[in-house]
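*Asks:* Quick one: the structure is below, and I'll ask about it shortly.
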Amino acid sequence: MKKFSATSLFCGAGGLDLGFERAGFKTIWANDFNKDACDTFHNWSQAKVVCGDISQIDAESIPDTDIILGGFPCQGFSLSGPRKLDDSRNTLYKHYVRIVKTKMPYAFVGENVKGLLSMGGGQVIEAIVADFAKCGYDVYYKLLNAKHYGVPEDRERVIIVGFRKDMHIRNFEFPPANKTSATLREALQNVPSPSEEDVCTAPFSSRYMSRNRKRGWDQVSYTIPAMAKQVTLWPGSPDMVKLGRDEWQFGEGFTRRLSWQEAAAIQTFPPNMRFNGDLTSVYKQIGNAVPPKMARAIARSVKETLREAMHGRTRA
């Protein structure tokens, strides 16, 4: 049975790729601008990892592949209009489109923040869909929450999936949501108590103290952020107390942020995962990642859809 190959743009530590590999894909080429993230990717993957500015990479130098994976920034999209694609902050998005158009894989998968759906009153996401459609793809998107796919975390992300039009895939079903969620207790039960150097101990800012940062053992975590100073509290910390609008304080007792190992476990990285870089960089890589368990659920749906389409083409 065919094992699909994958290319990863803006790969980071490889959360998206880990999920796709667990579903039977094989990453053969990857790129990111962050050296620590590239080194982390090297720790677990045999793919060729090109560390550098994607704008300087010739699409023809990227190997042919069955699927392209990745996320792209959206800060430069104007709220006043649907197609401000000449904004310099959208460079990476344009290169994602450029590479998909050049390589023409069977499919591509993109990931982005929830806010993408409301930007420009919904016109930005429609412009993105139109751009990929012009490249020759049928495009589908949906807002998914990682907690519905075995991840003990409230993490809503827009998933965009495109299939090459000659595959004749006119309907794509995103993975169904699980009725129950994994909990912090389950995620952290085998994570050892951290050393001091494994936890961000920076002062807690007024921004941090503007809302509740603590979820209990039998709940799912708040979203794991990329900024170390904003990482949420270990569930064994005392409950926070609300003082007023946008003002909270810590309860009595020992309070600390999640360690990077705990954050990685919540994001469903494997327990033996090695991250390169200093503590700030490690937290950033973990917080920027697609949870591998969520990625695996998406990958399974994509793989099943591709196999059904290819089987239909063979019979034809």
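Identifiers in this document derive from the order of the structure tokens: chains are assigned A, B, ..., residues are numbered from 1 separately in each chain, and ligands are numbered from 1 in order of occurrence.
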Please return, as a list of chain:residue names, all residues of region 160-230 of chain A that DSSP assigns to strand (DSSP E or B) on the basis of the backbone.

*Replies:*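 These are the residues in question: A:Ile160, A:Val161, A:Gly162, A:Phe163, A:Arg164, A:Val199, A:Ser221.
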
*Asks:* How would the residues just picked look written out with N, CA, C and O atoms as a PDB file, in the first residue's frame?

*Replies:*
ATOM      1  N   ILE A 160      -7.028  24.147   7.022  1.00  0.00           N
ATOM      2  CA  ILE A 160      -7.348  24.317   5.603  1.00  0.00           C
ATOM      3  C   ILE A 160      -6.777  23.124   4.842  1.00  0.00           C
ATOM      4  O   ILE A 160      -5.583  22.825   4.956  1.00  0.00           O
ATOM      5  N   VAL A 161      -7.622  22.441   4.090  1.00  0.00           N
ATOM      6  CA  VAL A 161      -7.192  21.264   3.332  1.00  0.00           C
ATOM      7  C   VAL A 161      -7.573  21.458   1.869  1.00  0.00           C
ATOM      8  O   VAL A 161      -8.711  21.839   1.562  1.00  0.00           O
ATOM      9  N   GLY A 162      -6.618  21.224   0.995  1.00  0.00           N
ATOM     10  CA  GLY A 162      -6.889  21.329  -0.436  1.00  0.00           C
ATOM     11  C   GLY A 162      -6.497  20.065  -1.174  1.00  0.00           C
ATOM     12  O   GLY A 162      -5.486  19.427  -0.840  1.00  0.00           O
ATOM     13  N   PHE A 163      -7.300  19.681  -2.150  1.00  0.00           N
ATOM     14  CA  PHE A 163      -7.020  18.519  -2.997  1.00  0.00           C
ATOM     15  C   PHE A 163      -6.957  18.961  -4.455  1.00  0.00           C
ATOM     16  O   PHE A 163      -7.803  19.754  -4.900  1.00  0.00           O
ATOM     17  N   ARG A 164      -5.978  18.462  -5.165  1.00  0.00           N
ATOM     18  CA  ARG A 164      -5.823  18.822  -6.577  1.00  0.00           C
ATOM     19  C   ARG A 164      -7.094  18.467  -7.339  1.00  0.00           C
ATOM     20  O   ARG A 164      -7.670  17.396  -7.147  1.00  0.00           O
ATOM     21  N   VAL A 199      11.468  25.449  34.342  1.00  0.00           N
ATOM     22  CA  VAL A 199      10.258  26.259  34.518  1.00  0.00           C
ATOM     23  C   VAL A 199      10.603  27.741  34.366  1.00  0.00           C
ATOM     24  O   VAL A 199      11.583  28.218  34.943  1.00  0.00           O
ATOM     25  N   SER A 221      -6.302  21.864  29.674  1.00  0.00           N
ATOM     26  CA  SER A 221      -5.501  23.072  29.847  1.00  0.00           C
ATOM     27  C   SER A 221      -6.046  24.224  29.010  1.00  0.00           C
ATOM     28  O   SER A 221      -6.718  24.022  27.997  1.00  0.00           O
TER      29      SER A 221
END

*Asks:* If you run DSSP on this backbone, which residues of region 59-302 of chain A come out as helix (DSSP H, G or I), and could you give them as a PyMOL selection string?

*Replies:* chain A and resi 59-61+88-103+114-117+119-134+146-149+165-167+184-188+196-198+208-210+228-230+260-266+279-288+292-302

*Asks:* Please determine, counting only C-alpha atoms, which residue among A:Arg257, A:Ile159, A:Ala133, A:Lys101 has the shortest atom-to-atom distance to Leu116 (chain A).

*Replies:* A:Ile159

*Asks:* When you draw a straight line from CA of Pro194 (chain A) to CA of Ala264 (chain A), how long is it in Å?

*Replies:*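 Between CA of Pro194 (chain A) and CA of Ala264 (chain A) the gap works out to 12.7 Å.
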
*Asks:* If we count only C-alpha atoms and set the cut-off at 9 Å, which residues sit around region 32-48 of chain A, ignoring sequence neighbours fewer than 5 positions away in its own chain? Please answer as a PyMOL selection string.

*Replies:* chain A and resi 7-14+18+26-27+53-54+273-278+281-282+285

*Asks:* With C-alpha atoms kept, could you save the residues just selected as a PDB file, in the first residue's frame?

*Replies:*
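Done, and the output landed in out.pdb:
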ATOM      1  CA  THR A   7       7.008  18.263   2.492  1.00  0.00           C
ATOM      2  CA  SER A   8       6.755  20.618   5.465  1.00  0.00           C
ATOM      3  CA  LEU A   9       6.914  24.413   5.161  1.00  0.00           C
ATOM      4  CA  PHE A  10       7.429  26.428   8.373  1.00  0.00           C
ATOM      5  CA  CYS A  11       7.913  23.063  10.088  1.00  0.00           C
ATOM      6  CA  GLY A  12       8.844  24.309  13.567  1.00  0.00           C
ATOM      7  CA  ALA A  13       9.562  21.459  15.956  1.00  0.00           C
ATOM      8  CA  GLY A  14       7.443  19.173  13.791  1.00  0.00           C
ATOM      9  CA  LEU A  18       4.760  13.916  13.799  1.00  0.00           C
ATOM     10  CA  LYS A  26       6.754  10.156   5.477  1.00  0.00           C
ATOM     11  CA  THR A  27       8.286  13.636   5.635  1.00  0.00           C
ATOM     12  CA  ASP A  53      14.388  32.141   4.542  1.00  0.00           C
ATOM     13  CA  ILE A  54      11.820  30.402   2.380  1.00  0.00           C
ATOM     14  CA  MET A 273      11.117  14.376  22.529  1.00  0.00           C
ATOM     15  CA  ARG A 274      14.315  16.464  22.660  1.00  0.00           C
ATOM     16  CA  PHE A 275      14.054  20.201  22.023  1.00  0.00           C
ATOM     17  CA  ASN A 276      17.055  22.338  21.130  1.00  0.00           C
ATOM     18  CA  GLY A 277      17.715  25.863  22.379  1.00  0.00           C
ATOM     19  CA  ASP A 278      17.367  27.747  25.647  1.00  0.00           C
ATOM     20  CA  SER A 281      13.122  28.894  22.697  1.00  0.00           C
ATOM     21  CA  VAL A 282      11.843  25.514  23.877  1.00  0.00           C
ATOM     22  CA  GLN A 285       8.627  25.745  19.832  1.00  0.00           C
TER      23      GLN A 285
END

*Asks:* Which of these residues is nearest to Asp138 (chain A), using only C-alpha atoms: A:Val100, A:Lys165, A:Gly287, A:Ile125?

*Replies:*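 Of all the options, A:Lys165 lies closest to Asp138 (chain A).
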
*Asks:* Between CA of Ala263 (chain A) and CA of Phe72 (chain A), what is the distance, to one decimal in Å?

*Replies:* 22.7 Å

*Asks:* Env of region 169-179 of chain A: 12 Å cut, atoms = only C-alpha atoms, seq-sep filter 3 positions within chain, self excluded. Answer as a VMD selection string.

*Replies:* chain A and resid 106 to 107 109 137 to 152 158 to 166 182 293 to 310 312 to 313

*Asks:* How would the residues just chosen look if you wrote them out with N, CA and C atoms as a compact mmCIF listing (two decimals), in the first residue's frame?

*Replies:*
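New file part_30.txt:
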# COMPACT_ATOMS: atom_id res chain seq x y z
N TYR A 106 -0.70 16.16 -4.50
CA TYR A 106 -2.09 15.71 -4.46
C TYR A 106 -2.91 16.59 -3.52
N ALA A 107 -2.29 17.01 -2.41
CA ALA A 107 -3.04 17.75 -1.39
C ALA A 107 -2.10 18.67 -0.62
N VAL A 109 -2.12 20.89 3.40
CA VAL A 109 -2.80 21.15 4.66
C VAL A 109 -2.18 22.39 5.29
N TYR A 137 -6.93 23.73 -6.97
CA TYR A 137 -7.31 22.91 -5.82
C TYR A 137 -8.75 23.16 -5.38
N ASP A 138 -9.38 22.08 -4.92
CA ASP A 138 -10.65 22.18 -4.21
C ASP A 138 -10.30 22.33 -2.73
N VAL A 139 -10.79 23.39 -2.11
CA VAL A 139 -10.32 23.76 -0.78
C VAL A 139 -11.45 23.69 0.25
N TYR A 140 -11.11 23.16 1.43
CA TYR A 140 -12.05 23.04 2.53
C TYR A 140 -11.39 23.58 3.80
N TYR A 141 -12.17 24.19 4.66
CA TYR A 141 -11.60 24.67 5.92
C TYR A 141 -12.62 24.52 7.04
N LYS A 142 -12.10 24.40 8.26
CA LYS A 142 -12.98 24.24 9.41
C LYS A 142 -12.23 24.61 10.69
N LEU A 143 -12.94 25.15 11.65
CA LEU A 143 -12.37 25.45 12.96
C LEU A 143 -12.47 24.20 13.82
N LEU A 144 -11.33 23.69 14.27
CA LEU A 144 -11.29 22.50 15.11
C LEU A 144 -10.71 22.86 16.48
N ASN A 145 -11.14 22.13 17.49
CA ASN A 145 -10.58 22.30 18.83
C ASN A 145 -9.80 21.05 19.19
N ALA A 146 -8.54 21.22 19.56
CA ALA A 146 -7.66 20.08 19.84
C ALA A 146 -8.21 19.17 20.93
N LYS A 147 -9.01 19.70 21.87
CA LYS A 147 -9.52 18.87 22.96
C LYS A 147 -10.45 17.77 22.46
N HIS A 148 -10.94 17.90 21.25
CA HIS A 148 -11.82 16.88 20.68
C HIS A 148 -11.06 15.75 20.00
N TYR A 149 -9.72 15.81 20.05
CA TYR A 149 -8.90 14.82 19.35
C TYR A 149 -7.80 14.25 20.24
N GLY A 150 -8.13 14.05 21.51
CA GLY A 150 -7.21 13.40 22.42
C GLY A 150 -6.17 14.31 23.03
N VAL A 151 -6.31 15.63 22.84
CA VAL A 151 -5.35 16.60 23.37
C VAL A 151 -5.98 17.28 24.59
N PRO A 152 -5.34 17.24 25.76
CA PRO A 152 -5.95 17.84 26.96
C PRO A 152 -5.77 19.35 27.01
N VAL A 158 -7.82 26.96 12.83
CA VAL A 158 -8.42 26.79 11.51
C VAL A 158 -7.54 25.82 10.72
N ILE A 159 -8.16 24.78 10.21
CA ILE A 159 -7.45 23.81 9.37
C ILE A 159 -7.96 23.96 7.95
N ILE A 160 -7.03 24.15 7.02
CA ILE A 160 -7.35 24.32 5.60
C ILE A 160 -6.78 23.12 4.84
N VAL A 161 -7.62 22.44 4.09
CA VAL A 161 -7.19 21.26 3.33
C VAL A 161 -7.57 21.46 1.87
N GLY A 162 -6.62 21.22 1.00
CA GLY A 162 -6.89 21.33 -0.44
C GLY A 162 -6.50 20.06 -1.17
N PHE A 163 -7.30 19.68 -2.15
CA PHE A 163 -7.02 18.52 -3.00
C PHE A 163 -6.96 18.96 -4.46
N ARG A 164 -5.98 18.46 -5.16
CA ARG A 164 -5.82 18.82 -6.58
C ARG A 164 -7.09 18.47 -7.34
N LYS A 165 -7.53 19.37 -8.19
CA LYS A 165 -8.83 19.22 -8.83
C LYS A 165 -8.96 17.95 -9.67
N ASP A 166 -7.83 17.47 -10.24
CA ASP A 166 -7.94 16.26 -11.05
C ASP A 166 -8.11 15.01 -10.20
N ALA A 182 -9.36 14.10 26.99
CA ALA A 182 -8.30 13.73 27.92
C ALA A 182 -8.15 14.85 28.95
N LYS A 293 -1.35 14.71 18.26
CA LYS A 293 -2.56 13.87 18.24
C LYS A 293 -3.65 14.49 17.37
N MET A 294 -3.79 15.78 17.42
CA MET A 294 -4.75 16.46 16.55
C MET A 294 -4.34 16.29 15.09
N ALA A 295 -3.04 16.46 14.83
CA ALA A 295 -2.53 16.32 13.46
C ALA A 295 -2.77 14.90 12.93
N ARG A 296 -2.61 13.91 13.79
CA ARG A 296 -2.83 12.53 13.36
C ARG A 296 -4.28 12.30 12.94
N ALA A 297 -5.22 12.86 13.69
CA ALA A 297 -6.63 12.71 13.33
C ALA A 297 -6.91 13.35 11.97
N ILE A 298 -6.35 14.52 11.73
CA ILE A 298 -6.51 15.18 10.43
C ILE A 298 -5.87 14.36 9.33
N ALA A 299 -4.67 13.85 9.60
CA ALA A 299 -3.93 13.05 8.61
C ALA A 299 -4.69 11.80 8.20
N ARG A 300 -5.32 11.16 9.15
CA ARG A 300 -6.08 9.95 8.83
C ARG A 300 -7.23 10.26 7.88
N SER A 301 -7.92 11.36 8.12
CA SER A 301 -9.01 11.74 7.22
C SER A 301 -8.50 12.07 5.83
N VAL A 302 -7.37 12.79 5.77
CA VAL A 302 -6.78 13.14 4.48
C VAL A 302 -6.32 11.88 3.74
N LYS A 303 -5.66 10.97 4.46
CA LYS A 303 -5.16 9.75 3.83
C LYS A 303 -6.30 8.88 3.30
N GLU A 304 -7.34 8.74 4.09
CA GLU A 304 -8.48 7.92 3.64
C GLU A 304 -9.12 8.53 2.40
N THR A 305 -9.24 9.85 2.37
CA THR A 305 -9.83 10.53 1.22
C THR A 305 -8.97 10.35 -0.02
N LEU A 306 -7.65 10.49 0.14
CA LEU A 306 -6.74 10.31 -0.99
C LEU A 306 -6.77 8.88 -1.52
N ARG A 307 -6.78 7.92 -0.64
CA ARG A 307 -6.78 6.51 -1.07
C ARG A 307 -8.07 6.15 -1.80
N GLU A 308 -9.18 6.65 -1.31
CA GLU A 308 -10.44 6.39 -2.01
C GLU A 308 -10.43 7.01 -3.39
N ALA A 309 -9.89 8.22 -3.49
CA ALA A 309 -9.84 8.90 -4.79
C ALA A 309 -8.90 8.18 -5.75
N MET A 310 -7.76 7.74 -5.25
CA MET A 310 -6.81 7.05 -6.10
C MET A 310 -7.31 5.67 -6.52
N GLY A 312 -10.44 5.02 -7.01
CA GLY A 312 -11.43 5.31 -8.04
C GLY A 312 -10.78 5.59 -9.38
N ARG A 313 -9.62 6.28 -9.37
CA ARG A 313 -8.92 6.58 -10.62
C ARG A 313 -8.36 5.29 -11.24

*Asks:* With only C-alpha atoms as the counted atoms, please give the residues lying no more than 12 Å from Tyr208 (chain A), apart from itself and same-chain residues fewer than 4 positions off, as a short mmCIF file (atom, residue, chain, number, x, y, z; two decimals) with C-alpha atoms, in the first residue's frame.

*Replies:*
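So the final result, stored in out_16.cif, reads:
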data_model
loop_
_atom_site.label_atom_id
_atom_site.label_comp_id
_atom_site.auth_asym_id
_atom_site.auth_seq_id
_atom_site.Cartn_x
_atom_site.Cartn_y
_atom_site.Cartn_z
CA ALA A 202 10.11 35.43 35.17
CA PRO A 203 7.98 37.98 37.10
CA PHE A 204 4.23 37.79 36.52
CA ASN A 212 -7.48 33.28 35.34
CA ARG A 213 -4.50 31.13 34.36
CA LYS A 214 -5.29 27.94 36.24
CA PRO A 225 1.18 29.86 24.39
CA MET A 227 5.69 33.08 25.06
CA ALA A 228 7.35 31.58 28.13
CA LYS A 229 6.16 34.37 30.44
CA GLN A 230 2.53 33.70 29.50
CA VAL A 231 2.57 29.93 30.08
CA THR A 232 -0.35 28.88 32.26
CA LEU A 233 -0.18 27.45 35.77
CA MET A 240 -6.58 32.12 41.42
CA ASP A 246 -9.15 42.15 34.51
CA GLU A 247 -7.55 41.71 37.92
CA TRP A 248 -6.68 38.42 39.62
CA GLN A 249 -4.32 37.25 42.33
CA PHE A 250 -2.76 33.93 43.26
CA ARG A 257 3.99 27.90 35.62
#

*Asks:* Between CA of Asp198 (chain A) and CA of Ser259 (chain A), measure the distance and give it in Å to one decimal.

*Replies:*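 Answer for the CA of Asp198 (chain A) to CA of Ser259 (chain A) separation: 5.4 Å.
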
*Asks:* Which one is closest to Val220 (chain A): A:Gly110, A:Arg185, A:Thr201, A:Gly244? Count only C-alpha atoms.

*Replies:*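 Nearest candidate to Val220 (chain A) out of A:Gly110, A:Arg185, A:Thr201, A:Gly244: A:Arg185.
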